[in-house]
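Shown next: upload.tsv, containing TSV, C-alpha atoms.
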```
chain	number	residue	atom	x	y	z
A	29	MET	CA	101.91	220.98	98.81
A	30	LYS	CA	98.84	223.00	99.67
A	31	GLU	CA	96.77	220.65	97.51
A	32	LEU	CA	98.25	217.64	99.28
A	33	ILE	CA	97.25	218.96	102.69
A	34	GLU	CA	93.77	219.92	101.46
A	35	PHE	CA	93.30	216.53	99.90
A	36	MET	CA	94.26	214.64	103.05
A	37	ALA	CA	92.23	216.87	105.35
A	38	ARG	CA	89.08	216.85	103.18
A	39	ALA	CA	89.12	213.08	103.01
A	40	ILE	CA	89.00	212.66	106.77
A	41	VAL	CA	86.74	215.42	108.11
A	42	ASP	CA	82.97	215.65	108.38
A	43	TYR	CA	82.88	219.14	106.88
A	44	PRO	CA	85.23	219.18	103.89
A	45	ASP	CA	83.92	222.56	102.74
A	46	GLU	CA	85.31	224.15	105.86
A	47	VAL	CA	88.84	222.94	105.25
A	48	GLU	CA	91.12	225.87	104.56
A	49	VAL	CA	94.85	225.91	104.04
A	50	THR	CA	96.88	229.09	103.91
A	51	GLU	CA	100.59	229.32	103.32
A	52	GLU	CA	103.26	231.67	104.48
A	53	GLU	CA	106.54	231.53	102.68
A	54	THR	CA	109.79	232.71	104.18
A	55	GLU	CA	113.30	232.49	102.82
A	56	ASP	CA	113.99	228.92	103.79
A	57	GLN	CA	110.64	227.38	104.59
A	58	ILE	CA	106.91	227.36	104.02
A	59	VAL	CA	104.48	227.34	106.91
A	60	PHE	CA	101.06	225.90	106.17
A	61	HIS	CA	98.09	226.66	108.39
A	62	LEU	CA	95.33	224.12	108.28
A	63	LYS	CA	91.90	225.21	109.51
A	64	VAL	CA	88.97	222.86	109.88
A	65	ALA	CA	85.56	222.98	111.56
A	66	GLU	CA	85.85	222.99	115.34
A	67	SER	CA	84.23	219.57	115.59
A	68	ASP	CA	86.73	218.19	113.07
A	69	MET	CA	89.86	219.17	115.01
A	70	GLY	CA	90.17	215.79	116.65
A	71	LYS	CA	89.81	214.10	113.26
A	72	VAL	CA	92.80	215.83	111.70
A	73	ILE	CA	94.95	215.43	114.79
A	74	GLY	CA	94.09	211.87	115.72
A	75	LYS	CA	94.86	209.94	118.89
A	76	GLN	CA	98.17	211.14	120.29
A	77	GLY	CA	98.58	213.29	117.20
A	78	ARG	CA	99.03	210.28	114.98
A	79	ILE	CA	97.15	211.63	111.98
A	80	ALA	CA	98.79	215.06	112.22
A	81	ASN	CA	102.17	213.36	112.36
A	82	ALA	CA	101.42	211.16	109.36
A	83	MET	CA	100.37	214.24	107.38
A	84	ARG	CA	103.59	216.00	108.42
A	85	THR	CA	105.70	213.03	107.40
A	86	LEU	CA	104.17	213.02	103.92
A	87	LEU	CA	104.41	216.79	103.64
A	88	LYS	CA	108.11	216.50	104.45
A	89	VAL	CA	108.64	214.24	101.44
A	90	ALA	CA	106.83	216.76	99.23
A	91	ALA	CA	109.05	219.51	100.62
A	92	ILE	CA	112.24	217.53	100.05
A	93	ARG	CA	111.20	216.97	96.45
A	94	ARG	CA	110.87	220.72	96.05
A	95	GLU	CA	114.10	221.38	97.91
A	96	THR	CA	112.47	223.34	100.68
A	97	LYS	CA	111.18	222.83	104.20
A	98	ALA	CA	107.55	222.74	105.15
A	99	ILE	CA	105.82	223.09	108.47
A	100	LEU	CA	102.21	222.17	109.12
A	101	GLU	CA	100.32	224.02	111.82
A	102	ILE	CA	96.84	222.93	112.74
A	103	GLY	CA	94.14	225.11	114.21
B	9	MET	CA	106.28	192.53	149.21
B	10	GLU	CA	107.06	191.14	145.82
B	11	SER	CA	110.46	191.97	144.48
B	12	VAL	CA	112.65	190.65	141.69
B	13	GLU	CA	116.21	191.22	140.60
B	14	VAL	CA	116.95	191.02	136.91
B	15	SER	CA	120.11	191.34	134.83
B	16	ALA	CA	120.02	192.29	131.18
B	17	LYS	CA	121.85	194.11	128.43
B	18	ASN	CA	120.80	197.49	129.76
B	19	VAL	CA	118.70	199.03	132.51
B	20	ASP	CA	115.59	199.51	130.39
B	21	GLU	CA	115.59	195.95	129.28
B	22	ALA	CA	116.11	194.66	132.81
B	23	ILE	CA	113.20	196.77	134.03
B	24	ASP	CA	110.95	195.51	131.26
B	25	ILE	CA	111.72	191.91	132.07
B	26	ALA	CA	111.13	192.52	135.77
B	27	LEU	CA	107.83	194.29	135.11
B	28	SER	CA	106.66	191.47	132.94
B	29	ASP	CA	107.64	188.94	135.62
B	30	LEU	CA	105.73	190.86	138.26
B	31	GLU	CA	102.88	191.61	135.89
B	32	LEU	CA	103.00	195.21	136.97
B	33	LYS	CA	103.31	198.58	135.30
B	34	ARG	CA	106.11	201.05	135.89
B	35	SER	CA	103.85	203.24	137.99
B	36	GLN	CA	103.22	200.38	140.41
B	37	VAL	CA	106.79	199.61	141.37
B	38	SER	CA	109.91	201.15	142.79
B	39	ILE	CA	113.05	200.58	140.79
B	40	GLU	CA	116.51	200.31	142.23
B	41	ILE	CA	119.43	200.23	139.82
B	42	LEU	CA	121.99	197.88	141.32
B	43	THR	CA	124.46	198.03	138.45
B	44	PRO	CA	123.92	200.46	135.60
B	45	GLY	CA	125.89	198.24	133.25
B	46	ARG	CA	127.81	199.45	130.27
B	47	PRO	CA	127.95	198.38	126.66
B	48	GLY	CA	131.17	196.71	125.58
B	49	LEU	CA	133.04	197.33	122.39
B	50	PHE	CA	131.93	194.87	119.74
B	51	GLY	CA	130.20	192.85	122.42
B	52	LEU	CA	133.36	192.49	124.48
B	53	GLY	CA	134.08	193.75	127.95
B	54	GLY	CA	130.61	195.07	128.62
B	55	GLU	CA	128.85	194.70	131.90
B	56	GLN	CA	125.25	193.66	132.42
B	57	ALA	CA	122.83	196.03	134.06
B	58	ARG	CA	121.10	194.75	137.18
B	59	VAL	CA	117.96	196.18	138.75
B	60	ARG	CA	115.75	195.36	141.71
B	61	VAL	CA	112.09	196.03	141.07
B	62	THR	CA	109.71	196.00	144.02
B	63	ALA	CA	105.93	196.17	143.99
B	64	LEU	CA	104.85	199.38	145.70
B	65	GLU	CA	102.22	197.83	147.92
B	66	GLU	CA	100.41	194.60	148.43
B	67	GLY	CA	97.30	194.26	146.38
B	68	THR	CA	98.55	196.34	143.50
B	69	ALA	CA	99.84	193.16	142.01
B	70	ARG	CA	97.15	192.89	139.44
B	71	PRO	CA	97.78	191.25	136.11
B	72	MET	CA	98.38	193.86	133.43
B	73	GLN	CA	96.54	191.79	130.91
B	74	GLU	CA	93.16	193.37	131.56
B	75	GLU	CA	94.35	196.82	130.90
B	76	GLN	CA	96.39	195.87	127.94
B	77	ALA	CA	93.59	193.94	126.34
B	78	ASP	CA	92.01	197.11	125.04
B	79	GLU	CA	95.15	198.92	124.25
B	80	GLY	CA	96.35	195.87	122.41
B	81	ALA	CA	93.15	195.41	120.46
B	82	HIS	CA	95.02	196.06	117.26
B	83	GLU	CA	97.79	193.78	118.18
B	84	GLU	CA	97.88	190.35	116.77
B	85	GLU	CA	98.46	188.18	119.79
B	86	PRO	CA	100.91	185.35	119.55
B	87	PRO	CA	98.95	183.21	117.16
B	88	ARG	CA	98.78	179.48	117.51
B	89	LYS	CA	97.45	177.90	114.42
B	90	ASP	CA	94.77	175.83	116.10
B	91	GLU	CA	93.45	178.84	118.01
B	92	ARG	CA	93.61	181.43	115.34
B	93	GLN	CA	89.95	181.35	114.45
B	94	GLU	CA	88.82	181.56	118.04
B	95	ARG	CA	91.12	184.50	118.51
B	96	GLU	CA	89.45	186.45	115.78
B	97	SER	CA	85.97	186.35	117.17
B	98	PRO	CA	86.63	188.03	120.53
B	99	SER	CA	88.36	190.86	118.73
B	100	ARG	CA	85.25	191.28	116.62
B	101	GLU	CA	83.20	191.74	119.76
B	102	ARG	CA	85.63	194.37	120.94
B	103	GLY	CA	84.47	196.49	118.01
B	104	ASP	CA	87.48	195.92	115.84
B	105	PRO	CA	86.18	193.85	112.98
B	106	ILE	CA	88.15	193.78	109.82
B	107	GLU	CA	86.45	193.00	106.57
B	108	ILE	CA	88.18	191.42	103.65
B	109	LYS	CA	86.99	192.45	100.19
B	110	ASP	CA	87.96	191.54	96.64
B	111	LEU	CA	90.65	193.33	94.68
B	112	ASP	CA	88.00	194.88	92.43
B	113	SER	CA	85.81	196.08	95.33
B	114	GLU	CA	84.90	199.74	95.74
B	115	GLU	CA	87.07	199.87	98.88
B	116	VAL	CA	90.25	198.67	97.19
B	117	GLU	CA	89.63	200.96	94.21
B	118	THR	CA	89.07	203.96	96.46
B	119	ALA	CA	92.21	203.19	98.46
B	120	THR	CA	94.21	202.94	95.23
B	121	GLU	CA	92.89	206.30	94.06
B	122	PHE	CA	93.78	207.87	97.42
B	123	LEU	CA	97.29	206.48	97.22
B	124	ARG	CA	97.80	207.68	93.63
B	125	THR	CA	96.68	211.19	94.58
B	126	LEU	CA	98.95	211.26	97.65
B	127	ILE	CA	101.98	210.17	95.63
B	128	GLU	CA	101.21	212.75	92.97
B	129	GLY	CA	100.80	215.40	95.68
B	130	MET	CA	104.26	214.50	96.96
B	131	ASP	CA	105.64	215.08	93.49
B	132	ILE	CA	106.79	211.51	93.08
B	133	ASP	CA	106.63	209.70	89.78
B	134	ALA	CA	105.44	206.16	90.46
B	135	GLU	CA	102.84	203.57	89.50
B	136	VAL	CA	100.49	201.74	91.83
B	137	THR	CA	99.53	198.14	91.16
B	138	VAL	CA	97.17	196.00	93.18
B	139	ARG	CA	97.70	192.41	94.25
B	140	GLU	CA	96.52	189.82	96.78
B	141	PRO	CA	98.34	189.66	100.13
B	142	GLU	CA	100.51	186.54	100.22
B	143	THR	CA	102.42	186.63	103.50
B	144	ALA	CA	102.10	187.97	107.04
B	145	ALA	CA	104.10	191.02	105.99
B	146	ASP	CA	101.58	191.65	103.23
B	147	GLY	CA	98.87	191.59	105.89
B	148	GLU	CA	97.50	188.23	104.79
B	149	GLY	CA	94.24	187.47	106.55
B	150	ARG	CA	93.73	191.15	107.45
B	151	ALA	CA	94.42	193.36	104.47
B	152	SER	CA	92.15	193.13	101.45
B	153	ALA	CA	94.93	194.08	99.07
B	154	VAL	CA	98.54	195.09	98.74
B	155	LEU	CA	99.03	198.35	96.85
B	156	ASP	CA	102.53	198.14	95.39
B	157	ILE	CA	104.24	201.40	94.52
B	158	GLU	CA	106.72	200.94	91.69
B	159	GLY	CA	109.12	203.47	90.23
B	160	ASP	CA	112.69	204.68	90.33
B	161	ASP	CA	114.49	205.73	93.45
B	162	LEU	CA	111.68	205.30	95.93
B	163	GLY	CA	113.83	205.22	99.06
B	164	LEU	CA	112.30	208.57	99.97
B	165	LEU	CA	108.89	206.92	100.14
B	166	ILE	CA	110.17	204.28	102.54
B	167	GLY	CA	111.97	206.66	104.87
B	168	ARG	CA	114.12	205.90	107.85
B	169	ARG	CA	113.15	202.51	109.28
B	170	GLY	CA	110.06	202.60	107.08
B	171	THR	CA	108.45	205.60	108.79
B	172	THR	CA	107.33	207.32	105.60
B	173	LEU	CA	105.88	204.14	104.23
B	174	ALA	CA	104.09	203.57	107.53
B	175	ALA	CA	102.64	207.11	107.40
B	176	LEU	CA	101.50	206.57	103.83
B	177	GLN	CA	99.80	203.30	104.68
B	178	TYR	CA	98.23	204.83	107.78
B	179	MET	CA	96.84	207.84	105.89
B	180	VAL	CA	95.37	205.69	103.12
B	181	ASN	CA	93.63	203.52	105.69
B	182	VAL	CA	92.34	206.44	107.76
B	183	MET	CA	90.98	208.08	104.60
B	184	LEU	CA	89.40	204.83	103.49
B	185	THR	CA	87.75	204.24	106.86
B	186	ARG	CA	86.34	207.77	107.06
B	187	LYS	CA	85.25	208.02	103.45
B	188	LEU	CA	83.47	204.70	103.07
B	189	ASN	CA	82.85	204.02	106.72
B	190	SER	CA	84.32	200.61	106.01
B	191	ARG	CA	86.32	198.10	107.98
B	192	VAL	CA	88.59	197.30	105.09
B	193	ILE	CA	92.32	197.80	105.40
B	194	VAL	CA	95.03	197.71	102.77
B	195	THR	CA	98.78	197.27	102.88
B	196	VAL	CA	100.92	199.82	101.07
B	197	ASP	CA	104.30	198.58	99.88
B	198	VAL	CA	107.33	200.00	98.10
B	199	GLU	CA	109.84	197.78	96.36
B	200	ARG	CA	108.77	194.84	98.50
B	201	TYR	CA	109.95	196.59	101.64
B	202	HIS	CA	107.58	194.63	103.87
B	203	ARG	CA	108.73	191.34	102.42
B	204	ARG	CA	112.38	192.19	102.91
B	205	ARG	CA	111.69	193.40	106.44
B	206	GLU	CA	109.76	190.22	107.13
B	207	GLU	CA	112.73	188.09	106.14
B	208	THR	CA	115.05	190.17	108.32
B	209	LEU	CA	112.69	189.83	111.27
B	210	GLN	CA	112.23	186.10	110.79
B	211	ASN	CA	115.99	185.63	110.81
B	212	LEU	CA	116.30	187.82	113.88
B	213	ALA	CA	113.53	185.88	115.63
B	214	GLN	CA	115.26	182.58	114.97
B	215	ARG	CA	118.66	183.82	116.13
B	216	MET	CA	117.22	185.27	119.32
B	217	ALA	CA	115.15	182.16	120.00
B	218	ASP	CA	118.30	180.04	119.71
B	219	ARG	CA	120.05	182.29	122.20
B	220	VAL	CA	117.15	182.16	124.62
B	221	SER	CA	116.92	178.39	124.50
B	222	ASN	CA	120.68	178.07	124.99
B	223	SER	CA	120.94	180.53	127.85
B	224	GLY	CA	117.56	179.85	129.45
B	225	ARG	CA	117.14	183.60	129.91
B	226	PRO	CA	114.44	185.79	128.39
B	227	MET	CA	115.37	188.46	125.86
B	228	THR	CA	113.64	191.68	124.92
B	229	LEU	CA	113.86	192.96	121.36
B	230	GLU	CA	113.91	196.57	120.18
B	231	PRO	CA	110.57	198.43	120.09
B	232	MET	CA	108.58	197.57	116.97
B	233	PRO	CA	105.19	198.45	115.49
B	234	ALA	CA	102.39	195.89	115.89
B	235	SER	CA	102.76	194.61	112.34
B	236	GLU	CA	106.41	193.75	112.98
B	237	ARG	CA	105.80	192.22	116.40
B	238	ARG	CA	103.22	190.01	114.73
B	239	ILE	CA	105.87	188.69	112.35
B	240	ILE	CA	108.07	187.71	115.32
B	241	HIS	CA	105.16	186.09	117.17
B	242	LEU	CA	104.22	184.14	114.05
B	243	ALA	CA	107.79	183.10	113.30
B	244	LEU	CA	108.15	181.54	116.77
B	245	SER	CA	104.57	180.36	117.31
B	246	GLU	CA	105.53	176.74	116.77
B	247	ASP	CA	108.95	176.86	118.33
B	248	GLU	CA	109.26	174.12	120.93
B	249	ASP	CA	111.76	175.91	123.13
B	250	VAL	CA	110.47	179.46	123.45
B	251	VAL	CA	107.31	181.51	123.82
B	252	THR	CA	106.77	185.15	122.94
B	253	GLY	CA	104.92	188.01	124.56
B	254	SER	CA	104.99	191.81	124.46
B	255	VAL	CA	105.84	194.46	127.04
B	256	GLY	CA	105.73	198.25	127.08
B	257	GLN	CA	103.27	200.80	125.84
B	258	GLY	CA	102.66	202.44	122.50
B	259	ASP	CA	105.78	203.12	120.47
B	260	GLU	CA	107.87	201.45	123.16
B	261	ARG	CA	106.14	198.09	122.92
B	262	LYS	CA	108.62	195.26	122.49
B	263	VAL	CA	108.59	191.54	121.99
B	264	VAL	CA	109.95	189.38	124.80
B	265	ILE	CA	111.19	185.90	123.96
B	266	ARG	CA	111.22	183.51	126.90
B	267	PRO	CA	112.15	179.91	127.46
B	268	ARG	CA	109.04	177.75	127.26
B	269	GLY	CA	107.76	176.50	130.59
B	270	GLY	CA	108.88	179.57	132.54
B	271	GLY	CA	112.59	179.29	133.18
B	272	ASP	CA	112.33	182.28	135.48
B	273	GLY	CA	111.81	180.25	138.60
B	274	ASP	CA	108.54	181.74	139.74
B	275	GLY	CA	106.61	178.73	138.58
B	276	ASP	CA	103.89	180.35	136.58
B	277	GLY	CA	105.35	183.60	135.36
B	278	GLY	CA	105.82	182.48	131.82
B	279	ASP	CA	102.54	180.67	131.50
B	280	ARG	CA	100.42	183.51	130.27
B	281	TYR	CA	102.43	183.67	127.11
B	282	ASN	CA	101.40	180.12	126.46
B	283	ARG	CA	97.74	180.87	126.19
```
Exercise: express the given structure as structure tokens:
Amino acid sequence: MKELIEFMARAIVDYPDEVEVTEEETEDQIVFHLKVAESDMGKVIGKQGRIANAMRTLLKVAAIRRETKAILEIG
Amino acid sequence: MESVEVSAKNVDEAIDIALSDLELKRSQVSIEILTPGRPGLFGLGGEQARVRVTALEEGTARPMQEEQADEGAHEEEPPRKDERQERESPSRERGDPIEIKDLDSEEVETATEFLRTLIEGMDIDAEVTVREPETAADGEGRASAVLDIEGDDLGLLIGRRGTTLAALQYMVNVMLTRKLNSRVIVTVDVERYHRRREETLQNLAQRMADRVSNSGRPMTLEPMPASERRIIHLALSEDEDVVTGSVGQGDERKVVIRPRGGGDGDGDGGDRYNR
């Protein structure tokens, strides 16, 4: 799932090298933290959060496949 | 002061119809609910909602078209065959040009690779094949290609009311735009979902158009994404009895089907949908 988030984020930012995803696993869910260059924040969030939401929707499918829950936090 | 009273299935719908009659936005009117209405069981025994919508002050009555022109830049206006080409050029000037490339172009190949990687990242076992768009639902005239996802049990990729599929298509297109700085878009499909949805929407459009022409009253459909509203507009573009338009903002934007020639009594209220 980490790779999925990295892949999506790197494809849409200006500074792919600065994309960093860390994960924090608890009993029933995994929280992913996505960090990007300051100037790329708007790019991964999108107008009205549309890109962030699309990434979350796809991450949810990945989580369902692995029988877990995943949360994506940006910033 | 301009004021209208409208009855409809529910309060929201009545307000939408009133706003579109007045050509005003919600922020420019006061709304009085005369009858809240209630849904009946199986369509029986319900009561229509009735609202009175009044323009807040003289001079605010400004057509909403101007403002919605930008917001609606991605929306395919009700197309009329003879005008379709003229309609495309103004949208080009608005900075929203769409390029159509061949199936073997770099753009389509890159989009396909993106999609394959996304599907793999979601842990789903499926194949992607590329074909030409054939219908409005395929994005004919806009999308350069349809990327069909084929495999077993792909309901998960479609999601509730197609939301996952929409997210997948959106991500592929955002990635494509950013990566190649291109104006090429692709349609992503699973098990011909778009085609099936198109047929459902065409049937719905026809049924609603029949009702509108029988009753002489406008009807508002459920909120739909632009691609689905376009299918309704297209399905009824040559209907002799009704015209279509859209009301509402963003995710709440809905198609309104009205009797042709403005059966709403204000003389010119329905005309703009004819353009």
Open item on the list: Between B:Thr172, B:Thr120, B:Ser35, B:Thr62, which residue has the minimum interatomic distance to Leu87 (chain A), considering all atoms listed in the file?
Closed with: B:Thr172
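Selecting chain B residues within 8 Å of chain A and counting all atoms listed in the file yields Leu126, Gly129, Met130, Asp131, Ile132, Leu164, Leu165, Thr172, Ala175, Leu176, Tyr178, Met179, Val182, Met183, Arg186 and Lys187 of chain B.
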For C-alpha atoms, I'd like the residues from the last selection saved as a PDB file, keeping the file's coordinate frame.
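Listed below is the output, out.pdb:
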```
ATOM      1  CA  LEU B 126      98.950 211.260  97.650  1.00  0.00           C
ATOM      2  CA  GLY B 129     100.800 215.400  95.680  1.00  0.00           C
ATOM      3  CA  MET B 130     104.260 214.500  96.960  1.00  0.00           C
ATOM      4  CA  ASP B 131     105.640 215.080  93.490  1.00  0.00           C
ATOM      5  CA  ILE B 132     106.790 211.510  93.080  1.00  0.00           C
ATOM      6  CA  LEU B 164     112.300 208.570  99.970  1.00  0.00           C
ATOM      7  CA  LEU B 165     108.890 206.920 100.140  1.00  0.00           C
ATOM      8  CA  THR B 172     107.330 207.320 105.600  1.00  0.00           C
ATOM      9  CA  ALA B 175     102.640 207.110 107.400  1.00  0.00           C
ATOM     10  CA  LEU B 176     101.500 206.570 103.830  1.00  0.00           C
ATOM     11  CA  TYR B 178      98.230 204.830 107.780  1.00  0.00           C
ATOM     12  CA  MET B 179      96.840 207.840 105.890  1.00  0.00           C
ATOM     13  CA  VAL B 182      92.340 206.440 107.760  1.00  0.00           C
ATOM     14  CA  MET B 183      90.980 208.080 104.600  1.00  0.00           C
ATOM     15  CA  ARG B 186      86.340 207.770 107.060  1.00  0.00           C
ATOM     16  CA  LYS B 187      85.250 208.020 103.450  1.00  0.00           C
TER      17      LYS B 187
END
```
Open item on the list: Residues near region 254-257 of chain B, anyone? I mean within 9 Å using only C-alpha atoms, not counting same-chain ones fewer than 2 positions away, as a list of chain:residue names.
Closed with: B:Asp24, B:Ile25, B:Leu27, B:Ser28, B:Lys33, B:Gln76, B:Glu79, B:Glu85, B:Thr228, B:Pro231, B:Arg237, B:Thr252, B:Asp259, B:Glu260, B:Arg261, B:Lys262, B:Val263, B:Val264, B:Ile265, B:Tyr281
Task: Within 9 Å of Tyr201 (chain B) using all atoms listed in the file, minus same-chain residues under 5 positions, as an NGL selection string - done: :B and (166 or 170 or 173 or 206)
- [ ] Enter the distance from CA of Ser152 (chain B) to CA of Lys109 (chain B), in Å, rounded to one decimal.
- [x]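 These atoms are spaced 5.4 Å apart.
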Taking all listed atoms of region 167-182 of chain B, build the axis-aligned box, pad each of the six sides by 5 Å, then write its centre and edge lengths in Å to one decimal as lines of an AutoDock Vina configuration file.
```
center_x = 103.2
center_y = 205.2
center_z = 106.2
size_x = 31.8
size_y = 15.3
size_z = 16.2
```
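What separates CA of Gly163 (chain B) from CA of Glu142 (chain B) is a distance of 23.0 Å.
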Task: Surrounding residues of Asp156 (chain B) excluding itself and chain neighbours under 4 positions, 12 Å, all atoms listed in the file, as number ranges by chain - done: B: 119-120, 123-124, 134-141, 146, 162, 165, 173, 176-177, 194-203
Task: Å distance separating CA of His241 (chain B) from CA of Gln214 (chain B), one decimal place - done: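 Between CA of His241 (chain B) and CA of Gln214 (chain B) the gap is 10.9 Å.
Using all atoms listed in the file, the protein and nucleic acid residues lying at most 10 Å from the point (117.2, 193.7, 130.6) are B:Val14, B:Ser15, B:Ala16, B:Lys17, B:Asn18, B:Val19, B:Asp20, B:Glu21, B:Ala22, B:Ile23, B:Asp24, B:Ile25, B:Ala26, B:Gln56, B:Ala57, B:Arg58, B:Val59, B:Pro226, B:Met227, B:Thr228, B:Leu229.
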- [ ] Identify which of the residues A:Thr54, A:Glu48, A:Glu34, A:Phe60 lies closest to Leu100 (chain A), counting all atoms listed in the file when measuring atom-to-atom distances.
- [x] A:Phe60
For region 250-263 of chain B of the structure just presented, write N, CA and C atoms to a file, as a PDB file, in the first residue's frame.
```
ATOM      1  N   VAL B 250     -39.073  18.139 -25.345  1.00  0.00           N
ATOM      2  CA  VAL B 250     -38.400  18.636 -24.139  1.00  0.00           C
ATOM      3  C   VAL B 250     -37.022  19.215 -24.452  1.00  0.00           C
ATOM      4  N   VAL B 251     -36.536  20.023 -23.501  1.00  0.00           N
ATOM      5  CA  VAL B 251     -35.158  20.522 -23.559  1.00  0.00           C
ATOM      6  C   VAL B 251     -34.503  20.220 -22.212  1.00  0.00           C
ATOM      7  N   THR B 252     -33.184  20.160 -22.203  1.00  0.00           N
ATOM      8  CA  THR B 252     -32.502  19.849 -20.952  1.00  0.00           C
ATOM      9  C   THR B 252     -31.555  20.966 -20.561  1.00  0.00           C
ATOM     10  N   GLY B 253     -31.336  21.090 -19.270  1.00  0.00           N
ATOM     11  CA  GLY B 253     -30.370  22.036 -18.739  1.00  0.00           C
ATOM     12  C   GLY B 253     -29.819  21.443 -17.458  1.00  0.00           C
ATOM     13  N   SER B 254     -28.956  22.192 -16.761  1.00  0.00           N
ATOM     14  CA  SER B 254     -28.422  21.690 -15.499  1.00  0.00           C
ATOM     15  C   SER B 254     -28.529  22.762 -14.430  1.00  0.00           C
ATOM     16  N   VAL B 255     -28.779  22.332 -13.196  1.00  0.00           N
ATOM     17  CA  VAL B 255     -28.801  23.254 -12.061  1.00  0.00           C
ATOM     18  C   VAL B 255     -27.959  22.683 -10.933  1.00  0.00           C
ATOM     19  N   GLY B 256     -27.543  23.567 -10.029  1.00  0.00           N
ATOM     20  CA  GLY B 256     -26.787  23.124  -8.854  1.00  0.00           C
ATOM     21  C   GLY B 256     -25.297  23.203  -9.102  1.00  0.00           C
ATOM     22  N   GLN B 257     -24.554  23.083  -8.010  1.00  0.00           N
ATOM     23  CA  GLN B 257     -23.111  23.241  -8.075  1.00  0.00           C
ATOM     24  C   GLN B 257     -22.397  21.947  -7.758  1.00  0.00           C
ATOM     25  N   GLY B 258     -21.264  21.762  -8.355  1.00  0.00           N
ATOM     26  CA  GLY B 258     -20.365  20.656  -7.992  1.00  0.00           C
ATOM     27  C   GLY B 258     -21.041  19.300  -7.993  1.00  0.00           C
ATOM     28  N   ASP B 259     -20.891  18.595  -6.878  1.00  0.00           N
ATOM     29  CA  ASP B 259     -21.445  17.242  -6.773  1.00  0.00           C
ATOM     30  C   ASP B 259     -22.961  17.237  -6.773  1.00  0.00           C
ATOM     31  N   GLU B 260     -23.556  18.419  -6.568  1.00  0.00           N
ATOM     32  CA  GLU B 260     -25.017  18.485  -6.492  1.00  0.00           C
ATOM     33  C   GLU B 260     -25.641  18.864  -7.832  1.00  0.00           C
ATOM     34  N   ARG B 261     -24.829  18.965  -8.883  1.00  0.00           N
ATOM     35  CA  ARG B 261     -25.366  19.402 -10.152  1.00  0.00           C
ATOM     36  C   ARG B 261     -26.280  18.340 -10.760  1.00  0.00           C
ATOM     37  N   LYS B 262     -27.448  18.811 -11.211  1.00  0.00           N
ATOM     38  CA  LYS B 262     -28.474  17.886 -11.694  1.00  0.00           C
ATOM     39  C   LYS B 262     -29.004  18.330 -13.044  1.00  0.00           C
ATOM     40  N   VAL B 263     -29.508  17.383 -13.780  1.00  0.00           N
ATOM     41  CA  VAL B 263     -30.149  17.703 -15.048  1.00  0.00           C
ATOM     42  C   VAL B 263     -31.610  18.067 -14.791  1.00  0.00           C
TER      43      VAL B 263
END
```
